[in-house]
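**Q** Input file: data_18.txt. Contents: compact mmCIF, C-alpha atoms (C1' of nucleotides).
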# COMPACT_ATOMS: atom_id res chain seq x y z
CA MET C 899 49.67 0.48 -30.35
CA ALA C 900 46.08 -0.37 -31.10
CA PHE C 901 44.56 -2.98 -28.85
CA SER C 902 41.50 -5.18 -28.56
CA ILE C 903 38.33 -4.74 -26.56
CA GLY C 904 39.56 -7.35 -24.07
CA THR C 905 42.71 -5.34 -23.39
CA LEU C 906 40.67 -2.16 -23.02
CA SER C 907 38.40 -4.02 -20.65
CA ARG C 908 41.31 -5.05 -18.43
CA ARG C 909 42.95 -1.65 -18.55
CA ALA C 910 39.82 0.30 -17.61
CA GLY C 911 38.17 -2.25 -15.35
CA VAL C 912 34.96 -2.42 -17.38
CA LYS C 913 33.57 -5.67 -18.74
CA VAL C 914 33.67 -6.33 -22.47
CA PRO C 915 29.89 -6.48 -23.01
CA THR C 916 29.56 -3.27 -21.05
CA ILE C 917 31.98 -1.51 -23.40
CA ARG C 918 29.94 -2.65 -26.39
CA TYR C 919 26.84 -1.44 -24.59
CA TYR C 920 28.45 1.96 -24.02
CA GLU C 921 29.22 2.14 -27.72
CA GLN C 922 25.61 1.32 -28.53
CA VAL C 923 24.26 4.09 -26.30
CA GLY C 924 26.80 6.61 -27.55
CA LEU C 925 29.08 6.92 -24.51
CA MET C 926 32.00 5.34 -26.34
CA PRO C 927 32.86 6.03 -29.99
CA SER C 928 32.62 3.41 -32.72
CA PRO C 929 36.27 2.54 -33.02
CA PRO C 930 38.13 1.51 -36.18
CA ARG C 931 37.93 -2.19 -37.00
CA THR C 932 40.33 -4.80 -38.30
CA ASP C 933 39.60 -6.49 -41.61
CA GLY C 934 37.78 -9.13 -39.60
CA GLN C 935 35.55 -6.50 -37.91
CA GLN C 936 37.24 -6.57 -34.53
CA ARG C 937 37.41 -3.28 -32.61
CA ARG C 938 40.76 -1.57 -32.09
CA TYR C 939 41.31 1.04 -29.38
CA GLY C 940 44.00 3.51 -28.27
CA GLU C 941 44.98 5.35 -25.10
CA ALA C 942 42.26 7.97 -25.51
CA GLU C 943 39.62 5.30 -25.13
CA VAL C 944 41.19 4.03 -21.91
CA ALA C 945 40.95 7.53 -20.47
CA ARG C 946 37.39 8.00 -21.67
CA LEU C 947 36.27 4.67 -20.29
CA ASN C 948 37.91 5.41 -16.95
CA PHE C 949 36.01 8.68 -16.83
CA ILE C 950 32.77 6.85 -17.53
CA ARG C 951 33.46 4.16 -14.98
CA HIS C 952 34.29 6.69 -12.33
CA ALA C 953 31.18 8.73 -13.03
CA ARG C 954 29.04 5.58 -12.87
CA GLU C 955 30.63 4.63 -9.56
CA LEU C 956 29.61 8.03 -8.27
CA GLY C 957 26.08 7.24 -9.39
CA PHE C 958 25.77 9.56 -12.39
CA GLU C 959 23.26 8.33 -14.93
CA VAL C 960 24.26 7.58 -18.49
CA ASP C 961 22.52 10.73 -19.77
CA ALA C 962 24.42 12.87 -17.29
CA ILE C 963 27.71 11.22 -18.25
CA ARG C 964 27.06 11.95 -21.90
CA GLU C 965 26.70 15.61 -20.97
CA LEU C 966 29.78 15.56 -18.75
CA LEU C 967 31.82 14.02 -21.57
CA ALA C 968 30.59 16.62 -24.03
CA MET C 969 31.50 19.40 -21.61
CA SER C 970 34.94 18.03 -20.84
CA ALA C 971 35.64 18.22 -24.57
CA GLN C 972 35.10 22.01 -24.37
CA PRO C 973 37.76 23.06 -21.82
CA GLU C 974 37.39 26.77 -22.67
CA GLU C 975 33.73 26.89 -21.72
CA SER C 976 32.56 27.92 -18.27
CA CYS C 977 32.15 25.01 -15.93
CA ALA C 978 28.86 26.31 -14.54
CA GLU C 979 26.96 23.54 -16.32
CA VAL C 980 29.30 20.90 -14.93
CA ASP C 981 28.78 22.34 -11.50
CA ARG C 982 25.03 22.36 -11.94
CA LEU C 983 24.99 18.71 -12.99
CA ALA C 984 27.14 17.65 -10.07
CA ARG C 985 25.06 19.63 -7.60
CA ARG C 986 21.84 18.20 -8.93
CA HIS C 987 23.21 14.73 -8.59
CA LEU C 988 24.38 15.50 -5.07
CA ALA C 989 20.88 16.68 -4.21
CA GLU C 990 19.43 13.42 -5.54
CA VAL C 991 21.86 11.40 -3.49
CA GLU C 992 20.93 13.40 -0.41
CA GLN C 993 17.25 12.77 -1.03
CA ARG C 994 17.83 9.06 -1.34
CA ILE C 995 19.83 9.06 1.88
CA ALA C 996 17.05 10.89 3.71
CA ARG C 997 14.51 8.44 2.38
CA LEU C 998 16.56 5.42 3.35
CA VAL C 999 17.31 6.79 6.81
CA SER C 1000 13.61 7.15 7.42
CA LEU C 1001 13.05 3.57 6.21
CA ARG C 1002 15.82 2.40 8.50
CA THR C 1003 14.20 4.04 11.49
CA GLU C 1004 10.91 2.33 10.82
CA LEU C 1005 12.54 -1.05 10.19
CA GLN C 1006 14.57 -0.74 13.38
CA ARG C 1007 11.45 0.02 15.36
CA MET C 1008 9.69 -2.96 13.83
CA VAL C 1009 12.37 -5.49 14.62
CA ALA C 1010 13.00 -4.01 18.06
CA GLU C 1011 9.36 -4.43 19.00
CA CYS C 1012 9.09 -7.99 17.79
CA GLY C 1013 8.64 -10.18 20.84
CA HIS C 1014 9.82 -13.31 18.99
CA GLY C 1015 6.62 -15.11 19.72
CA ARG C 1016 3.91 -16.18 17.27
CA VAL C 1017 3.29 -14.58 13.91
CA GLY C 1018 -0.14 -13.64 15.23
CA GLU C 1019 1.36 -11.17 17.68
CA CYS C 1020 4.34 -10.14 15.59
CA ARG C 1021 4.82 -6.39 15.44
CA VAL C 1022 6.50 -6.64 12.06
CA ILE C 1023 3.41 -8.17 10.53
CA GLN C 1024 1.10 -5.83 12.42
CA VAL C 1025 2.89 -2.73 11.28
CA LEU C 1026 2.86 -3.92 7.69
CA ALA C 1027 -0.81 -4.79 7.88
CA ASP C 1028 -1.95 -1.61 9.56
CA HIS C 1029 -0.71 1.60 8.12
CA GLY C 1030 -1.84 3.51 11.19
CA GLU C 1031 0.67 1.71 13.40
CA CYS C 1032 3.52 3.23 11.56
CA ASP C 1033 5.25 6.55 12.25
CA HIS C 1034 6.73 6.62 8.85
CA ASP C 1035 5.52 9.34 6.52
CA HIS C 1036 5.23 7.31 3.34
CA ASP C 1037 2.03 9.12 2.67
CA ARG C 1038 -0.39 8.74 -0.13
CA ALA C 1039 -0.94 12.49 -0.32
CA ARG C 1040 2.39 14.12 -1.10
CA SER C 1041 3.93 11.84 -3.67
CA GLY C 1042 2.74 12.58 -7.16
CA SER C 1043 4.96 9.99 -8.71
CA SER C 1044 4.70 6.62 -7.05
CA GLY C 1045 5.90 7.42 -3.54
CA PHE C 1046 7.67 4.10 -3.51
CA VAL C 1047 11.15 3.47 -2.47
CA GLU C 1048 13.35 3.38 -5.54
CA ALA C 1049 16.18 4.68 -3.36
CA MET I 440 -20.32 -5.60 -1.54
CA ALA I 441 -18.05 -6.64 -4.36
CA PHE I 442 -16.29 -3.81 -6.10
CA SER I 443 -14.21 -3.10 -9.17
CA ILE I 444 -10.46 -2.82 -9.62
CA GLY I 445 -10.79 0.97 -9.84
CA THR I 446 -12.45 1.12 -6.44
CA LEU I 447 -9.82 -1.20 -4.98
CA SER I 448 -7.20 1.04 -6.51
CA ARG I 449 -8.63 4.13 -4.82
CA ARG I 450 -9.14 2.40 -1.50
CA ALA I 451 -5.63 0.97 -1.28
CA GLY I 452 -3.74 3.73 -3.04
CA VAL I 453 -2.27 1.44 -5.69
CA LYS I 454 -2.67 2.06 -9.40
CA VAL I 455 -4.91 -0.19 -11.44
CA PRO I 456 -2.19 -1.60 -13.74
CA THR I 457 -0.05 -2.28 -10.68
CA ILE I 458 -2.82 -4.36 -9.14
CA ARG I 459 -3.05 -6.42 -12.32
CA TYR I 460 0.72 -6.76 -12.26
CA TYR I 461 0.58 -8.00 -8.65
CA GLU I 462 -1.97 -10.56 -9.71
CA GLN I 463 0.31 -11.69 -12.52
CA VAL I 464 3.28 -12.19 -10.19
CA GLY I 465 1.18 -13.91 -7.55
CA LEU I 466 1.02 -11.25 -4.84
CA MET I 467 -2.69 -10.75 -5.32
CA PRO I 468 -5.16 -13.59 -5.96
CA SER I 469 -7.07 -14.01 -9.21
CA PRO I 470 -10.41 -12.64 -8.09
CA PRO I 471 -13.85 -13.74 -9.28
CA ARG I 472 -15.05 -12.09 -12.47
CA THR I 473 -18.33 -10.71 -13.72
CA ASP I 474 -19.97 -12.22 -16.79
CA GLY I 475 -18.09 -9.61 -18.76
CA GLN I 476 -14.71 -10.71 -17.29
CA GLN I 477 -14.28 -7.75 -14.97
CA ARG I 478 -12.56 -8.39 -11.64
CA ARG I 479 -14.57 -8.11 -8.42
CA TYR I 480 -12.92 -7.62 -5.02
CA GLY I 481 -13.90 -7.57 -1.35
CA GLU I 482 -12.53 -6.14 1.90
CA ALA I 483 -9.90 -8.86 2.28
CA GLU I 484 -8.22 -7.67 -0.91
CA VAL I 485 -8.11 -4.09 0.35
CA ALA I 486 -6.26 -5.28 3.45
CA ARG I 487 -3.91 -7.47 1.45
CA LEU I 488 -3.11 -4.71 -1.00
CA ASN I 489 -2.48 -2.27 1.83
CA PHE I 490 -0.06 -4.76 3.34
CA ILE I 491 1.74 -5.06 0.02
CA ARG I 492 1.86 -1.32 -0.51
CA HIS I 493 3.23 -0.72 2.92
CA ALA I 494 5.89 -3.39 2.53
CA ARG I 495 6.91 -1.93 -0.85
CA GLU I 496 7.14 1.54 0.69
CA LEU I 497 9.51 0.08 3.23
CA GLY I 498 11.58 -1.26 0.36
CA PHE I 499 10.82 -4.98 0.63
CA GLU I 500 11.18 -6.80 -2.66
CA VAL I 501 8.29 -8.65 -4.21
CA ASP I 502 9.83 -12.02 -3.32
CA ALA I 503 10.14 -11.00 0.31
CA ILE I 504 6.56 -9.74 0.34
CA ARG I 505 5.34 -13.06 -1.00
CA GLU I 506 7.03 -14.73 1.95
CA LEU I 507 5.70 -12.19 4.44
CA LEU I 508 2.18 -12.72 3.14
CA ALA I 509 2.52 -16.48 3.40
CA MET I 510 3.77 -16.15 6.98
CA SER I 511 1.05 -13.77 8.05
CA ALA I 512 -1.43 -16.40 6.96
CA GLN I 513 0.07 -18.76 9.60
CA PRO I 514 -0.46 -16.80 12.84
CA GLU I 515 0.34 -19.83 15.05
CA GLU I 516 3.83 -20.25 13.65
CA SER I 517 6.88 -18.70 15.28
CA CYS I 518 7.72 -15.31 13.92
CA ALA I 519 11.44 -16.03 13.79
CA GLU I 520 11.35 -16.17 10.00
CA VAL I 521 9.52 -12.85 9.82
CA ASP I 522 12.12 -11.36 12.08
CA ARG I 523 14.94 -12.76 9.98
CA LEU I 524 13.47 -11.29 6.79
CA ALA I 525 13.03 -7.89 8.36
CA ARG I 526 16.53 -7.89 9.82
CA ARG I 527 18.06 -8.90 6.52
CA HIS I 528 16.23 -6.10 4.79
CA LEU I 529 17.35 -3.67 7.46
CA ALA I 530 20.95 -4.73 6.88
CA GLU I 531 20.55 -4.10 3.14
CA VAL I 532 19.13 -0.66 3.78
CA GLU I 533 22.04 0.10 6.07
CA GLN I 534 24.51 -0.95 3.40
CA ARG I 535 22.86 1.26 0.83
CA ILE I 536 22.97 4.18 3.23
CA ALA I 537 26.66 3.65 3.88
CA ARG I 538 27.35 3.49 0.18
CA LEU I 539 25.38 6.64 -0.55
CA VAL I 540 26.95 8.54 2.32
CA SER I 541 30.36 7.80 0.88
CA LEU I 542 29.20 8.96 -2.55
CA ARG I 543 27.82 12.10 -0.99
CA THR I 544 31.14 12.89 0.66
CA GLU I 545 32.98 12.59 -2.63
CA LEU I 546 30.41 14.64 -4.51
CA GLN I 547 30.49 17.35 -1.86
CA ARG I 548 34.25 17.53 -2.11
CA MET I 549 34.04 17.78 -5.88
CA VAL I 550 31.56 20.62 -5.97
CA ALA I 551 33.24 22.43 -3.07
CA GLU I 552 36.55 22.46 -4.91
CA CYS I 553 35.11 23.69 -8.17
CA GLY I 554 36.46 27.20 -8.75
CA HIS I 555 33.65 28.09 -11.17
CA GLY I 556 36.10 28.90 -13.89
CA ARG I 557 36.70 27.06 -17.16
CA VAL I 558 35.93 23.43 -17.75
CA GLY I 559 39.65 22.94 -18.32
CA GLU I 560 40.40 23.62 -14.67
CA CYS I 561 37.21 22.19 -13.23
CA ARG I 562 37.81 19.89 -10.29
CA VAL I 563 34.66 17.97 -11.01
CA ILE I 564 35.93 16.99 -14.43
CA GLN I 565 39.44 16.35 -13.13
CA VAL I 566 38.29 14.03 -10.39
CA LEU I 567 36.14 12.11 -12.82
CA ALA I 568 38.97 11.86 -15.33
CA ASP I 569 41.63 10.82 -12.88
CA HIS I 570 40.77 8.09 -10.50
CA GLY I 571 43.82 8.85 -8.36
CA GLU I 572 42.42 12.24 -7.39
CA CYS I 573 39.58 10.66 -5.53
CA ASP I 574 39.46 9.50 -1.93
CA HIS I 575 36.51 7.35 -2.56
CA ASP I 576 36.96 3.61 -2.24
CA HIS I 577 34.99 2.51 -5.25
CA ASP I 578 37.54 -0.12 -5.78
CA ARG I 579 38.09 -2.44 -8.67
CA ALA I 580 39.42 -5.15 -6.38
CA ARG I 581 36.81 -5.97 -3.75
CA SER I 582 33.58 -6.01 -5.69
CA GLY I 583 32.91 -9.30 -7.37
CA SER I 584 29.61 -8.16 -8.75
CA SER I 585 29.74 -4.85 -10.54
CA GLY I 586 30.89 -2.53 -7.76
CA PHE I 587 28.60 0.07 -9.18
CA VAL I 588 26.17 2.13 -7.32
CA GLU I 589 22.73 0.55 -7.53
CA ALA I 590 21.99 2.04 -4.13
C1' DC D 1172 48.98 -24.59 -40.12
C1' DT D 1173 46.30 -25.71 -36.57
C1' DA D 1174 44.11 -24.93 -32.09
C1' DC D 1175 41.55 -22.29 -29.32
C1' DA D 1176 40.99 -18.00 -26.80
C1' DA D 1177 38.83 -14.15 -27.81
C1' DG D 1178 36.18 -11.62 -30.85
C1' DC D 1179 31.59 -10.78 -33.41
C1' DT D 1180 26.14 -10.03 -33.71
C1' DC D 1181 21.77 -10.85 -32.11
C1' DT D 1182 18.20 -11.81 -28.87
C1' DA D 1183 16.35 -12.17 -24.39
C1' DG D 1184 16.23 -11.41 -19.42
C1' DC D 1185 16.47 -8.83 -14.84
C1' DG D 1186 12.84 -5.83 -11.31
C1' DA D 1187 8.87 -3.44 -10.68
C1' DC D 1188 6.33 -1.36 -12.88
C1' DT D 1189 4.30 2.16 -16.76
C1' DA D 1190 2.24 3.44 -21.22
C1' DG D 1191 -0.53 2.76 -25.02
C1' DA D 1192 -3.44 0.39 -28.55
C1' DG D 1193 -7.70 -1.34 -29.58
C1' DG D 1194 -11.69 -3.14 -28.06
C1' DA D 1195 -15.51 -4.71 -24.45
C1' DT D 1196 -18.49 -3.72 -20.45
C1' DC D 1197 -20.97 -1.37 -16.88
C1' DA D 1198 -23.87 2.15 -14.69
C1' DA D 1199 -26.42 6.21 -14.97
C1' DG D 1200 -29.41 9.40 -17.13
C1' DC D 1201 -33.12 10.14 -20.33
C1' DG R 810 -34.91 0.48 -23.54
C1' DC R 811 -31.10 3.02 -25.26
C1' DT R 812 -27.19 5.82 -25.39
C1' DT R 813 -23.17 7.74 -23.55
C1' DG R 814 -18.81 7.71 -21.65
C1' DA R 815 -16.09 6.25 -17.87
C1' DT R 816 -14.06 2.25 -16.71
C1' DC R 817 -12.65 -2.20 -17.72
C1' DC R 818 -10.23 -5.95 -20.54
C1' DT R 819 -5.81 -8.14 -22.87
C1' DC R 820 -1.68 -7.63 -25.12
C1' DT R 821 2.71 -5.74 -26.33
C1' DA R 822 6.51 -2.88 -25.61
C1' DG R 823 9.25 0.38 -23.06
C1' DT R 824 12.02 1.98 -18.86
C1' DC R 825 17.54 1.53 -16.89
C1' DG R 826 22.06 -0.36 -17.10
C1' DC R 827 23.60 -3.83 -17.87
C1' DT R 828 24.21 -9.41 -18.14
C1' DA R 829 23.84 -14.04 -20.28
C1' DG R 830 23.80 -17.06 -23.90
C1' DA R 831 23.70 -19.01 -28.72
C1' DG R 832 26.09 -19.65 -32.71
C1' DC R 833 29.51 -18.15 -35.61
C1' DT R 834 34.22 -15.83 -37.08
C1' DT R 835 38.88 -14.02 -36.32
C1' DG R 836 43.49 -13.39 -34.42
C1' DT R 837 47.60 -15.23 -32.64
C1' DA R 838 50.90 -18.44 -30.41
C1' DG R 839 53.21 -22.52 -30.91
As a first step, turn the structure in this file into structure tokens.

**A**
Amino acid sequence: MAFSIGTLSRRAGVKVPTIRYYEQVGLMPSPPRTDGQQRRYGEAEVARLNFIRHARELGFEVDAIRELLAMSAQPEESCAEVDRLARRHLAEVEQRIARLVSLRTELQRMVAECGHGRVGECRVIQVLADHGECDHDHDRARSGSSGFVEA
Amino acid sequence: MAFSIGTLSRRAGVKVPTIRYYEQVGLMPSPPRTDGQQRRYGEAEVARLNFIRHARELGFEVDAIRELLAMSAQPEESCAEVDRLARRHLAEVEQRIARLVSLRTELQRMVAECGHGRVGECRVIQVLADHGECDHDHDRARSGSSGFVEA
DNA sequence: CTACAAGCTCTAGCGACTAGAGGATCAAGC
DNA sequence: GCTTGATCCTCTAGTCGCTAGAGCTTGTAG
């Protein structure tokens, strides 16, 4: 009935060190141990780890997943908080998409304009060197926090 | 003529510790120092730092920027390499966009289906708990390396 | 009962910074 | 010339979500 971390790893599709990491950061419980200190898991942990993996695949951060797990343990509560978390994450994803689409536009323009001649006349280099040549709005004004890509 | 790191910071829109970091990783040169060991810069460093900032804003990695800087110092060379770097980066950006768009679709579906009732019936929680409920292709098979978001 | 795969803990590394401690230096005003 | 205080210096450690490796112990199949 009880199985090892390797078996849990295979059954949930999460690497062994990652499971130990999740335990360390409080996403997974500290399971019972054998006399020789090896971890033993049950079906509940497979389900929990699948939940975590799925949430990570959808881009939720570890903090958010901790909250989602806590909420899913309270099935009688209103799911407004769950909804809020998911919507906030969706908004973040949409922001990143917008940001990346604008980067893509600028990159496309750069490579399209490159005449494949010498570096000296290369539009890619020119655009990078001279901020004014660029349509892109990666301003210095707006962004309080960094303004860099991080998308 | 020569100015301090704080002035360079203001003129290029890059924070002081970041400039020192760029020096450490070889993007910026080790500038001359005053008797008291303070860095002194000139106009060339403003231009270089602007180039770096702009490239970072477009999402180029530090390694790629190092190469771009080296190339821009050889204006007689063919710009084929520059072009290749830019195209590769563009392809990466496009991949990230595709990945995020697919995440967005799944998240939208999740929040749209949430009936705003109890956590016990919440679609968001259900989809996270049960992988089968999800259209999304965040496979376990294909991805050799992680398969997680990192977009 | 012996191999040896798989487990254990601990530390360090990734990328691109950011934050803070604790101290030195520079420029301006008096 | 002297003081003040903003700015500079170096160094270490932290961020996030893992991943890699060393060096040792345990579980299990034959």

**Q** Could you jot down the atom C1' of R:DG830 to atom CA of I:Glu500 separation for me, Å, one decimal place?

**A**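 Computing it gives 26.8 Å between the two atoms.
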
**Q** Can you show chain C as a compact mmCIF listing (two decimals) with C-alpha atoms, in the frame of the given file once it has been least-squares superposed onto chain I, using every C-alpha atom paired in order?

**A**
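Here's the written file out06.txt:
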# COMPACT_ATOMS: atom_id res chain seq x y z
CA MET C 899 -20.42 -5.86 -1.39
CA ALA C 900 -18.14 -6.86 -4.21
CA PHE C 901 -16.43 -4.00 -5.96
CA SER C 902 -14.39 -3.26 -9.06
CA ILE C 903 -10.66 -2.93 -9.53
CA GLY C 904 -11.04 0.86 -9.74
CA THR C 905 -12.69 0.97 -6.32
CA LEU C 906 -10.00 -1.29 -4.89
CA SER C 907 -7.42 0.98 -6.43
CA ARG C 908 -8.87 4.05 -4.71
CA ARG C 909 -9.36 2.30 -1.40
CA ALA C 910 -5.81 0.92 -1.20
CA GLY C 911 -3.97 3.71 -2.97
CA VAL C 912 -2.49 1.45 -5.64
CA LYS C 913 -2.95 2.09 -9.35
CA VAL C 914 -5.17 -0.21 -11.38
CA PRO C 915 -2.44 -1.54 -13.70
CA THR C 916 -0.29 -2.19 -10.67
CA ILE C 917 -3.01 -4.35 -9.11
CA ARG C 918 -3.24 -6.39 -12.30
CA TYR C 919 0.54 -6.67 -12.26
CA TYR C 920 0.44 -7.92 -8.67
CA GLU C 921 -2.08 -10.54 -9.72
CA GLN C 922 0.19 -11.61 -12.56
CA VAL C 923 3.19 -12.07 -10.27
CA GLY C 924 1.16 -13.86 -7.62
CA LEU C 925 1.00 -11.19 -4.90
CA MET C 926 -2.74 -10.76 -5.32
CA PRO C 927 -5.18 -13.63 -5.93
CA SER C 928 -7.12 -14.08 -9.15
CA PRO C 929 -10.45 -12.76 -8.02
CA PRO C 930 -13.89 -13.93 -9.16
CA ARG C 931 -15.15 -12.29 -12.34
CA THR C 932 -18.47 -10.97 -13.57
CA ASP C 933 -20.07 -12.55 -16.61
CA GLY C 934 -18.24 -9.93 -18.65
CA GLN C 935 -14.85 -10.93 -17.15
CA GLN C 936 -14.46 -7.94 -14.87
CA ARG C 937 -12.71 -8.53 -11.53
CA ARG C 938 -14.69 -8.30 -8.30
CA TYR C 939 -13.01 -7.78 -4.93
CA GLY C 940 -13.94 -7.76 -1.22
CA GLU C 941 -12.57 -6.31 2.00
CA ALA C 942 -9.89 -8.98 2.34
CA GLU C 943 -8.27 -7.76 -0.85
CA VAL C 944 -8.19 -4.18 0.42
CA ALA C 945 -6.30 -5.37 3.49
CA ARG C 946 -3.93 -7.51 1.46
CA LEU C 947 -3.19 -4.73 -0.98
CA ASN C 948 -2.56 -2.29 1.85
CA PHE C 949 -0.09 -4.76 3.32
CA ILE C 950 1.67 -5.02 -0.02
CA ARG C 951 1.74 -1.28 -0.55
CA HIS C 952 3.13 -0.68 2.88
CA ALA C 953 5.82 -3.32 2.46
CA ARG C 954 6.79 -1.82 -0.91
CA GLU C 955 7.00 1.63 0.64
CA LEU C 956 9.41 0.19 3.17
CA GLY C 957 11.46 -1.11 0.26
CA PHE C 958 10.75 -4.84 0.52
CA GLU C 959 11.11 -6.62 -2.79
CA VAL C 960 8.23 -8.50 -4.34
CA ASP C 961 9.80 -11.87 -3.48
CA ALA C 962 10.14 -10.86 0.15
CA ILE C 963 6.54 -9.64 0.24
CA ARG C 964 5.34 -12.95 -1.13
CA GLU C 965 7.10 -14.64 1.78
CA LEU C 966 5.76 -12.14 4.31
CA LEU C 967 2.22 -12.70 3.03
CA ALA C 968 2.62 -16.46 3.25
CA MET C 969 3.89 -16.16 6.81
CA SER C 970 1.16 -13.80 7.93
CA ALA C 971 -1.32 -16.47 6.83
CA GLN C 972 0.23 -18.82 9.43
CA PRO C 973 -0.30 -16.88 12.69
CA GLU C 974 0.55 -19.91 14.86
CA GLU C 975 4.03 -20.29 13.44
CA SER C 976 7.07 -18.71 15.07
CA CYS C 977 7.85 -15.30 13.72
CA ALA C 978 11.59 -15.98 13.55
CA GLU C 979 11.45 -16.09 9.76
CA VAL C 980 9.58 -12.79 9.63
CA ASP C 981 12.19 -11.30 11.89
CA ARG C 982 15.00 -12.66 9.76
CA LEU C 983 13.50 -11.18 6.60
CA ALA C 984 13.02 -7.79 8.19
CA ARG C 985 16.53 -7.77 9.62
CA ARG C 986 18.05 -8.74 6.32
CA HIS C 987 16.19 -5.96 4.62
CA LEU C 988 17.30 -3.53 7.31
CA ALA C 989 20.90 -4.59 6.72
CA GLU C 990 20.50 -3.94 2.99
CA VAL C 991 19.08 -0.51 3.65
CA GLU C 992 21.98 0.25 5.96
CA GLN C 993 24.46 -0.82 3.31
CA ARG C 994 22.84 1.42 0.74
CA ILE C 995 22.92 4.33 3.17
CA ALA C 996 26.61 3.78 3.85
CA ARG C 997 27.31 3.63 0.15
CA LEU C 998 25.36 6.78 -0.59
CA VAL C 999 26.94 8.67 2.30
CA SER C 1000 30.35 7.89 0.89
CA LEU C 1001 29.21 9.07 -2.56
CA ARG C 1002 27.86 12.23 -0.99
CA THR C 1003 31.18 12.97 0.65
CA GLU C 1004 33.03 12.64 -2.61
CA LEU C 1005 30.48 14.72 -4.52
CA GLN C 1006 30.60 17.43 -1.86
CA ARG C 1007 34.37 17.56 -2.08
CA MET C 1008 34.19 17.81 -5.86
CA VAL C 1009 31.76 20.69 -5.98
CA ALA C 1010 33.46 22.47 -3.08
CA GLU C 1011 36.78 22.43 -4.89
CA CYS C 1012 35.41 23.68 -8.17
CA GLY C 1013 36.80 27.15 -8.71
CA HIS C 1014 34.04 28.06 -11.20
CA GLY C 1015 36.53 28.84 -13.88
CA ARG C 1016 37.14 26.97 -17.14
CA VAL C 1017 36.30 23.34 -17.73
CA GLY C 1018 40.02 22.79 -18.26
CA GLU C 1019 40.75 23.46 -14.60
CA CYS C 1020 37.52 22.10 -13.19
CA ARG C 1021 38.05 19.79 -10.24
CA VAL C 1022 34.85 17.92 -10.99
CA ILE C 1023 36.14 16.90 -14.39
CA GLN C 1024 39.62 16.21 -13.06
CA VAL C 1025 38.40 13.93 -10.33
CA LEU C 1026 36.22 12.03 -12.77
CA ALA C 1027 39.05 11.71 -15.24
CA ASP C 1028 41.70 10.65 -12.78
CA HIS C 1029 40.80 7.94 -10.38
CA GLY C 1030 43.84 8.70 -8.25
CA GLU C 1031 42.49 12.12 -7.31
CA CYS C 1032 39.63 10.61 -5.49
CA ASP C 1033 39.48 9.52 -1.85
CA HIS C 1034 36.51 7.39 -2.48
CA ASP C 1035 36.99 3.65 -2.11
CA HIS C 1036 35.01 2.50 -5.12
CA ASP C 1037 37.73 0.01 -5.75
CA ARG C 1038 38.11 -2.47 -8.49
CA ALA C 1039 39.45 -5.09 -6.10
CA ARG C 1040 36.79 -5.77 -3.49
CA SER C 1041 33.58 -5.82 -5.47
CA GLY C 1042 32.90 -9.16 -7.05
CA SER C 1043 29.61 -8.09 -8.46
CA SER C 1044 29.79 -4.84 -10.36
CA GLY C 1045 30.88 -2.44 -7.64
CA PHE C 1046 28.58 0.13 -9.15
CA VAL C 1047 26.15 2.24 -7.35
CA GLU C 1048 22.74 0.64 -7.58
CA ALA C 1049 21.94 2.21 -4.21

**Q** Please build the interface table for chain R against chain C with a cut-off of 10 Å, listing for each qualifying residue the nearest atom pair and the distance in Å to one decimal; count all atoms listed in the file, order rows by chain and increasing number, and write it as a tab-separated table.

**A**
residue	atom	partner	partner_atom	distance
R:DC825	C1'	C:Glu959	CA	9.1
R:DG826	C1'	C:Val960	CA	8.4
R:DC827	C1'	C:Thr916	CA	6.8
R:DT828	C1'	C:Pro915	CA	8.0
R:DT834	C1'	C:Gly934	CA	8.0
R:DT835	C1'	C:Gly934	CA	6.0
R:DG836	C1'	C:Gly934	CA	8.8

**Q** Hey, list the chain D side of the contact with chain C: 12 Å cut-off, all atoms listed in the file, answer as a count of residues only.

**A** 9

**Q** So which one's closest to C:Gly924, C:Ala942, C:Leu906, C:Ala968, C:Ala900? Using all atoms listed in the file, please.

**A** C:Ala968

**Q** Using Å and a single decimal, report how far atom C1' of R:DC817 sits from atom CA of I:Thr446.

**A** 11.8 Å

**Q** What is the distance between atom CA of I:Phe442 and atom C1' of R:DT819, in Å to one decimal?

**A**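 About the pair atom CA of I:Phe442 and atom C1' of R:DT819: they are 20.2 Å apart.
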